[in-house]
Amino acid sequence: MRRLVLTVAFLGSALVAQASFAQGGAPKQAAAGEPRRDPRGIKGISPFWEAVKKGDNAYVARDYDGAIAAYQEAITKEPQNALGHYRIGEAQLAKGQPQEAEAAWTAGLRYVGANHALRAKLLFVLADLKEQQKAYDDATAAWEKYEGFVRDQPQSRGYPQTPAERKKRIAAWKKLSADYAEVKARIQKRLEEADEKARKSAK
């Protein structure tokens, strides 16, 4: 949720700045339901951005079905715009559809091109998802990929310290899981031995 809210705020600022830069003034306020326009009221925001804004509003209102529908509309307008795939993945994850979210983010990586900031976001959420799914080996590999990218592309505005912290946590979880498996195996063996002893005593 926090990732998307921050992105929504960035989007709103970007749209205002784009309009102001293009026409040299403050953008006019559009009536509810009308297309947002530049300061002179001539050029509307693209259908893609209109759909994204609609999806963002629905997401913030926790209407995840509405958000997904709006982001799907955005993707039909610009199928190769990675932002639409990133946004719909966030909404799908919030709705409890991790497999769909992963597919959307993977598609976003195919189209992201030289947008380093968005590529970093996509790599981050994919690594985070693998960790949430307890796919620890895949998560470690994904965090290493993210780590290498933000190190090589500082303009991506990523978090270079995060991968080391997350890999350390994964290693701790893996050790805990292995220790638990050993304890469970010992308990099971003792139960089986006790059952066998009880059967022999009963004869």
# chains A, B, ... in the order shown; residues from 1 in each chain; ligands from 1
call {"tool": "residues_around", "arguments": {"residues": "Ala103 (chain A)", "least_positions_apart": "2", "cutoff": "12 Å", "atoms": "only C-alpha atoms", "output": "list in words"}}
result
His85, Tyr86, Ile88, Gly89, Glu90, Gln92, Leu93, Gln97, Pro98, Gln99, Glu100, Ala101, Trp105, Thr106, Ala107, Gly108, Leu109, Arg110, Leu122, Val125, Leu126 and Leu129 of chain A
call {"tool": "residues_around", "arguments": {"residues": "Asp63 (chain A)", "least_positions_apart": "6", "cutoff": "10 Å", "atoms": "only C-alpha atoms", "output": "ChimeraX atom specification"}}
result
/A:55-57,91,94-95
call {"tool": "closest_residue", "arguments": {"among": "A:Tyr64, A:Tyr59, A:Trp49, A:Tyr136", "to": "Thr76 (chain A)", "atoms": "only C-alpha atoms"}}
result
A:Trp49
call {"tool": "closest_residue", "arguments": {"among": "A:Ala61, A:Lys54, A:Ser201, A:Phe48", "to": "Ala74 (chain A)", "atoms": "only C-alpha atoms"}}
result
A:Phe48
call {"tool": "closest_atom_pairs", "arguments": {"of": "region 78-141 of chain A", "to": "region 171-179 of chain A", "cutoff": "12 Å", "atoms": "only C-alpha atoms", "output": "JSON lines"}}
result
{"residue": "A:Glu131", "atom": "CA", "partner": "A:Trp173", "partner_atom": "CA", "distance": 10.4}
{"residue": "A:Gln132", "atom": "CA", "partner": "A:Trp173", "partner_atom": "CA", "distance": 11.7}
{"residue": "A:Lys134", "atom": "CA", "partner": "A:Trp173", "partner_atom": "CA", "distance": 9.0}
{"residue": "A:Ala135", "atom": "CA", "partner": "A:Lys174", "partner_atom": "CA", "distance": 10.1}
{"residue": "A:Tyr136", "atom": "CA", "partner": "A:Lys174", "partner_atom": "CA", "distance": 7.4}
{"residue": "A:Asp137", "atom": "CA", "partner": "A:Lys174", "partner_atom": "CA", "distance": 9.3}
{"residue": "A:Ala139", "atom": "CA", "partner": "A:Ala171", "partner_atom": "CA", "distance": 10.7}
{"residue": "A:Thr140", "atom": "CA", "partner": "A:Ala171", "partner_atom": "CA", "distance": 8.8}
call {"tool": "residues_around", "arguments": {"residues": "His116 (chain A)", "least_positions_apart": "3", "cutoff": "9 Å", "atoms": "only C-alpha atoms", "output": "number ranges by chain"}}
result
A: 112-113, 119-121, 149-150, 153-157
call {"tool": "write_last_selection", "arguments": {"atoms": "N, CA and C atoms", "output": "tab-separated table (two decimals), in the first residue's frame"}}
result
chain	number	residue	atom	x	y	z
A	112	VAL	N	9.92	-2.23	-19.63
A	112	VAL	CA	10.34	-1.06	-18.86
A	112	VAL	C	11.45	-0.27	-19.54
A	113	GLY	N	12.24	-0.89	-20.40
A	113	GLY	CA	13.27	-0.16	-21.14
A	113	GLY	C	14.28	0.51	-20.24
A	119	ARG	N	12.19	0.09	-13.18
A	119	ARG	CA	12.78	-1.25	-13.18
A	119	ARG	C	13.17	-1.65	-11.75
A	120	ALA	N	13.72	-0.71	-11.00
A	120	ALA	CA	14.08	-1.01	-9.61
A	120	ALA	C	12.85	-1.38	-8.80
A	121	LYS	N	11.75	-0.66	-9.00
A	121	LYS	CA	10.52	-0.97	-8.28
A	121	LYS	C	10.03	-2.37	-8.62
A	149	PHE	N	21.47	-4.39	-9.65
A	149	PHE	CA	20.93	-3.32	-10.50
A	149	PHE	C	21.06	-1.96	-9.83
A	150	VAL	N	20.63	-1.85	-8.57
A	150	VAL	CA	20.69	-0.53	-7.92
A	150	VAL	C	22.13	-0.10	-7.66
A	153	GLN	N	23.17	1.08	-11.18
A	153	GLN	CA	22.35	2.19	-11.68
A	153	GLN	C	21.90	3.06	-10.50
A	154	PRO	N	22.77	3.89	-9.94
A	154	PRO	CA	22.39	4.69	-8.78
A	154	PRO	C	21.24	5.66	-9.07
A	155	GLN	N	21.04	6.00	-10.36
A	155	GLN	CA	19.94	6.90	-10.70
A	155	GLN	C	18.58	6.22	-10.54
A	156	SER	N	18.58	4.93	-10.26
A	156	SER	CA	17.32	4.21	-10.07
A	156	SER	C	16.64	4.58	-8.76
A	157	ARG	N	17.39	5.24	-7.87
A	157	ARG	CA	16.86	5.64	-6.56
A	157	ARG	C	16.34	4.44	-5.77
call {"tool": "select_by_dssp", "arguments": {"residues": "region 17-180 of chain A", "states": "alpha helix (DSSP H)", "output": "PyMOL selection string"}}
result
chain A and resi 17-23+47-60+64-77+82-94+98-111+116-132+136-152+162-180
call {"tool": "residues_around", "arguments": {"residues": "Arg151 (chain A)", "least_positions_apart": "5", "cutoff": "9 Å", "atoms": "only C-alpha atoms", "output": "MDAnalysis selection string"}}
result
chainID A and resid 146 158 160
call {"tool": "atom_distance", "arguments": {"atom1": "CA of Ala164 (chain A)", "atom2": "CA of Tyr111 (chain A)"}}
result
27.5 Å
call {"tool": "atom_distance", "arguments": {"atom1": "CA of Lys168 (chain A)", "atom2": "CA of Arg186 (chain A)"}}
result
27.4 Å
call {"tool": "atom_distance", "arguments": {"atom1": "CA of Gly148 (chain A)", "atom2": "CA of Ala82 (chain A)"}}
result
20.7 Å
call {"tool": "decode", "arguments": {"residues": "region 159-172 of chain A", "atoms": "N, CA and C atoms", "output": "PDB file, in the first residue's frame"}}
result
ATOM      1  N   TYR A 159      17.217   1.014  -3.073  1.00  0.00           N
ATOM      2  CA  TYR A 159      17.643   0.898  -1.679  1.00  0.00           C
ATOM      3  C   TYR A 159      18.765  -0.136  -1.600  1.00  0.00           C
ATOM      4  N   PRO A 160      20.011   0.288  -1.751  1.00  0.00           N
ATOM      5  CA  PRO A 160      21.117  -0.675  -1.816  1.00  0.00           C
ATOM      6  C   PRO A 160      21.351  -1.458  -0.526  1.00  0.00           C
ATOM      7  N   GLN A 161      20.897  -0.947   0.622  1.00  0.00           N
ATOM      8  CA  GLN A 161      21.103  -1.668   1.876  1.00  0.00           C
ATOM      9  C   GLN A 161      20.060  -2.769   2.088  1.00  0.00           C
ATOM     10  N   THR A 162      18.913  -2.633   1.451  1.00  0.00           N
ATOM     11  CA  THR A 162      17.816  -3.574   1.692  1.00  0.00           C
ATOM     12  C   THR A 162      18.156  -5.015   1.344  1.00  0.00           C
ATOM     13  N   PRO A 163      18.757  -5.313   0.179  1.00  0.00           N
ATOM     14  CA  PRO A 163      19.014  -6.718  -0.167  1.00  0.00           C
ATOM     15  C   PRO A 163      19.838  -7.461   0.877  1.00  0.00           C
ATOM     16  N   ALA A 164      20.863  -6.830   1.419  1.00  0.00           N
ATOM     17  CA  ALA A 164      21.692  -7.506   2.423  1.00  0.00           C
ATOM     18  C   ALA A 164      20.867  -7.848   3.659  1.00  0.00           C
ATOM     19  N   GLU A 165      20.025  -6.920   4.083  1.00  0.00           N
ATOM     20  CA  GLU A 165      19.173  -7.168   5.245  1.00  0.00           C
ATOM     21  C   GLU A 165      18.194  -8.305   4.981  1.00  0.00           C
ATOM     22  N   ARG A 166      17.586  -8.285   3.791  1.00  0.00           N
ATOM     23  CA  ARG A 166      16.587  -9.308   3.484  1.00  0.00           C
ATOM     24  C   ARG A 166      17.231 -10.682   3.297  1.00  0.00           C
ATOM     25  N   LYS A 167      18.417 -10.719   2.669  1.00  0.00           N
ATOM     26  CA  LYS A 167      19.100 -12.008   2.507  1.00  0.00           C
ATOM     27  C   LYS A 167      19.507 -12.574   3.863  1.00  0.00           C
ATOM     28  N   LYS A 168      19.905 -11.713   4.782  1.00  0.00           N
ATOM     29  CA  LYS A 168      20.256 -12.161   6.129  1.00  0.00           C
ATOM     30  C   LYS A 168      19.038 -12.753   6.822  1.00  0.00           C
ATOM     31  N   ARG A 169      17.908 -12.101   6.649  1.00  0.00           N
ATOM     32  CA  ARG A 169      16.678 -12.608   7.263  1.00  0.00           C
ATOM     33  C   ARG A 169      16.267 -13.946   6.647  1.00  0.00           C
ATOM     34  N   ILE A 170      16.427 -14.068   5.333  1.00  0.00           N
ATOM     35  CA  ILE A 170      16.100 -15.328   4.658  1.00  0.00           C
ATOM     36  C   ILE A 170      16.982 -16.450   5.170  1.00  0.00           C
ATOM     37  N   ALA A 171      18.284 -16.170   5.318  1.00  0.00           N
ATOM     38  CA  ALA A 171      19.216 -17.183   5.823  1.00  0.00           C
ATOM     39  C   ALA A 171      18.803 -17.643   7.219  1.00  0.00           C
ATOM     40  N   ALA A 172      18.351 -16.703   8.056  1.00  0.00           N
ATOM     41  CA  ALA A 172      17.911 -17.051   9.410  1.00  0.00           C
ATOM     42  C   ALA A 172      16.668 -17.935   9.364  1.00  0.00           C
TER      43      ALA A 172
END
